[in-house]
Each structure stands twice: as C-alpha cells, then as structure tokens.
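The structure appears right after this line, and notes come after that.
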Amino acid sequence: MNQRMRQVILYKDEDGYWVVECPSLKGCISQGRTKEEALSNIREAISGYVAALEEDGLPVPEEKFETFLVVV
C-alpha cells in the first residue's frame, strides 16, 4: 500500500465531538468522540476517497494546503 501524507484540521464541535477535515480532498470530513477516534476515521475516509478517485481514473489532488496562525 502506498502511504501518502495529508494535512488535516481537527476541532471540537458544539456537541463535543471531534471533527476532522482534509482540505486538499474537497468534502473529505469525519468525526469521532475522541481525537484518536476522529483521526482513525479520517485515515479511513482519506483512503476511501483516494481509492475511489483512482478506480474512476480521476486525478488525485496534490497536498497543497498551508496553515497559518492569525492573532486577532
């Protein structure tokens, strides 16, 4: 299996669940009751997303996401 790195954003929602998104894969989002569960779930979601693109012969977006901390 070819491993790829993807950046994700992890945050807690108003219901107390951890939400995790992969910005380089539009619409690839998951959640979990704990950080560990959410990260495990997004790994699975990313793998499925990439596999579906490859099966359909579509290009897999490159990781081009950058993060910045903005003080306001």
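By convention here, the chains of the structure tokens are called A, B, ... in the order presented, each chain's residues are numbered starting at 1, and ligands are numbered starting at 1 in the order presented.
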
Could you pull out the helix (DSSP H, G or I) residues of region 18-62 of chain A from DSSP and send them as a list in words?
Lys35, Glu36, Glu37, Ala38, Leu39, Ser40, Asn41, Ile42, Arg43, Glu44, Ala45, Ile46, Ser47, Gly48, Tyr49, Val50, Ala51, Ala52, Leu53, Glu54 and Glu55 of chain A

So that I can see what lies close to region 45-47 of chain A, please list as JSON, numbers by chain the residues with an atom at most 10 Å from it, counting only C-alpha atoms and leaving out residues fewer than 2 positions away in the same chain.
{"A": [3, 4, 6, 21, 22, 25, 28, 29, 30, 39, 40, 41, 42, 43, 49, 50, 51, 52]}

Writer output for current selection, N, CA, C and O atoms, as a PDB file, in the first residue's frame:
ATOM      1  N   GLN A   3       1.720   4.812   0.975  1.00  0.00           N
ATOM      2  CA  GLN A   3       1.324   5.771   2.006  1.00  0.00           C
ATOM      3  C   GLN A   3       1.543   7.189   1.509  1.00  0.00           C
ATOM      4  O   GLN A   3       2.543   7.482   0.873  1.00  0.00           O
ATOM      5  N   ARG A   4       0.596   8.042   1.815  1.00  0.00           N
ATOM      6  CA  ARG A   4       0.668   9.456   1.447  1.00  0.00           C
ATOM      7  C   ARG A   4       0.381  10.289   2.684  1.00  0.00           C
ATOM      8  O   ARG A   4      -0.408   9.895   3.529  1.00  0.00           O
ATOM      9  N   ARG A   6      -1.230  13.639   4.311  1.00  0.00           N
ATOM     10  CA  ARG A   6      -2.263  14.654   4.116  1.00  0.00           C
ATOM     11  C   ARG A   6      -2.390  15.458   5.390  1.00  0.00           C
ATOM     12  O   ARG A   6      -2.373  14.911   6.492  1.00  0.00           O
ATOM     13  N   GLU A  21     -11.158  17.397   9.111  1.00  0.00           N
ATOM     14  CA  GLU A  21     -11.316  17.630   7.685  1.00  0.00           C
ATOM     15  C   GLU A  21      -9.970  17.519   6.992  1.00  0.00           C
ATOM     16  O   GLU A  21      -8.942  17.859   7.571  1.00  0.00           O
ATOM     17  N   CYS A  22      -9.997  17.112   5.737  1.00  0.00           N
ATOM     18  CA  CYS A  22      -8.804  17.069   4.897  1.00  0.00           C
ATOM     19  C   CYS A  22      -9.010  18.096   3.785  1.00  0.00           C
ATOM     20  O   CYS A  22      -9.664  17.798   2.777  1.00  0.00           O
ATOM     21  N   LEU A  25      -8.649  17.401  -0.027  1.00  0.00           N
ATOM     22  CA  LEU A  25      -9.624  16.494  -0.635  1.00  0.00           C
ATOM     23  C   LEU A  25     -11.014  17.044  -0.328  1.00  0.00           C
ATOM     24  O   LEU A  25     -11.595  16.767   0.730  1.00  0.00           O
ATOM     25  N   CYS A  28     -13.906  15.806   2.152  1.00  0.00           N
ATOM     26  CA  CYS A  28     -13.440  14.664   2.949  1.00  0.00           C
ATOM     27  C   CYS A  28     -13.413  15.084   4.415  1.00  0.00           C
ATOM     28  O   CYS A  28     -12.538  15.842   4.852  1.00  0.00           O
ATOM     29  N   ILE A  29     -14.400  14.599   5.159  1.00  0.00           N
ATOM     30  CA  ILE A  29     -14.580  15.007   6.549  1.00  0.00           C
ATOM     31  C   ILE A  29     -15.057  13.808   7.361  1.00  0.00           C
ATOM     32  O   ILE A  29     -15.721  12.921   6.837  1.00  0.00           O
ATOM     33  N   SER A  30     -14.687  13.769   8.623  1.00  0.00           N
ATOM     34  CA  SER A  30     -15.137  12.705   9.511  1.00  0.00           C
ATOM     35  C   SER A  30     -15.226  13.270  10.923  1.00  0.00           C
ATOM     36  O   SER A  30     -14.992  14.451  11.148  1.00  0.00           O
ATOM     37  N   LEU A  39      -9.223  10.848  14.249  1.00  0.00           N
ATOM     38  CA  LEU A  39      -8.066  10.689  13.364  1.00  0.00           C
ATOM     39  C   LEU A  39      -8.075   9.329  12.683  1.00  0.00           C
ATOM     40  O   LEU A  39      -7.730   9.217  11.496  1.00  0.00           O
ATOM     41  N   SER A  40      -8.467   8.301  13.385  1.00  0.00           N
ATOM     42  CA  SER A  40      -8.583   6.979  12.775  1.00  0.00           C
ATOM     43  C   SER A  40      -9.638   6.993  11.669  1.00  0.00           C
ATOM     44  O   SER A  40      -9.434   6.437  10.582  1.00  0.00           O
ATOM     45  N   ASN A  41     -10.754   7.659  11.942  1.00  0.00           N
ATOM     46  CA  ASN A  41     -11.841   7.735  10.962  1.00  0.00           C
ATOM     47  C   ASN A  41     -11.433   8.517   9.717  1.00  0.00           C
ATOM     48  O   ASN A  41     -11.809   8.145   8.604  1.00  0.00           O
ATOM     49  N   ILE A  42     -10.661   9.608   9.894  1.00  0.00           N
ATOM     50  CA  ILE A  42     -10.271  10.389   8.716  1.00  0.00           C
ATOM     51  C   ILE A  42      -9.245   9.624   7.889  1.00  0.00           C
ATOM     52  O   ILE A  42      -9.230   9.730   6.666  1.00  0.00           O
ATOM     53  N   ARG A  43      -8.392   8.830   8.530  1.00  0.00           N
ATOM     54  CA  ARG A  43      -7.464   7.992   7.760  1.00  0.00           C
ATOM     55  C   ARG A  43      -8.245   7.068   6.826  1.00  0.00           C
ATOM     56  O   ARG A  43      -7.917   6.913   5.649  1.00  0.00           O
ATOM     57  N   TYR A  49     -11.476   7.785  -0.210  1.00  0.00           N
ATOM     58  CA  TYR A  49     -11.602   8.891  -1.166  1.00  0.00           C
ATOM     59  C   TYR A  49     -10.597   8.709  -2.302  1.00  0.00           C
ATOM     60  O   TYR A  49     -10.958   8.753  -3.482  1.00  0.00           O
ATOM     61  N   VAL A  50      -9.344   8.477  -1.939  1.00  0.00           N
ATOM     62  CA  VAL A  50      -8.281   8.310  -2.937  1.00  0.00           C
ATOM     63  C   VAL A  50      -8.528   7.052  -3.776  1.00  0.00           C
ATOM     64  O   VAL A  50      -8.387   7.081  -5.002  1.00  0.00           O
ATOM     65  N   ALA A  51      -8.928   5.967  -3.138  1.00  0.00           N
ATOM     66  CA  ALA A  51      -9.202   4.726  -3.868  1.00  0.00           C
ATOM     67  C   ALA A  51     -10.330   4.928  -4.876  1.00  0.00           C
ATOM     68  O   ALA A  51     -10.242   4.440  -6.013  1.00  0.00           O
ATOM     69  N   ALA A  52     -11.372   5.654  -4.498  1.00  0.00           N
ATOM     70  CA  ALA A  52     -12.496   5.900  -5.405  1.00  0.00           C
ATOM     71  C   ALA A  52     -12.048   6.729  -6.611  1.00  0.00           C
ATOM     72  O   ALA A  52     -12.447   6.443  -7.748  1.00  0.00           O
TER      73      ALA A  52
END

One number please: CA of Ser24 (chain A) to CA of Glu54 (chain A), in Å, one decimal.
15.7 Å

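Each of A:Leu69, A:Asp13, A:Leu53, A:Trp18 was checked against Ala38 (chain A) using only C-alpha atoms; the smallest atom-to-atom distance is that of A:Trp18.
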
Could you please write out, as JSON, numbers by chain, every residue of region 28-61 of chain A that DSSP assigns to strand (DSSP E or B)?
{"A": [29, 30, 31, 32]}

Could you name the residues that touch Thr67 (chain A) at 12 Å or less, counting only C-alpha atoms, but leaving out those on the same chain fewer than 4 positions away, as an MDAnalysis selection string?
chainID A and resid 7:9 23:24

To one decimal place in Å, what is the distance between CA of Glu62 (chain A) and CA of Leu10 (chain A)?
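Taking CA of Glu62 (chain A) as the start and CA of Leu10 (chain A) as the end point, the length is 19.9 Å.
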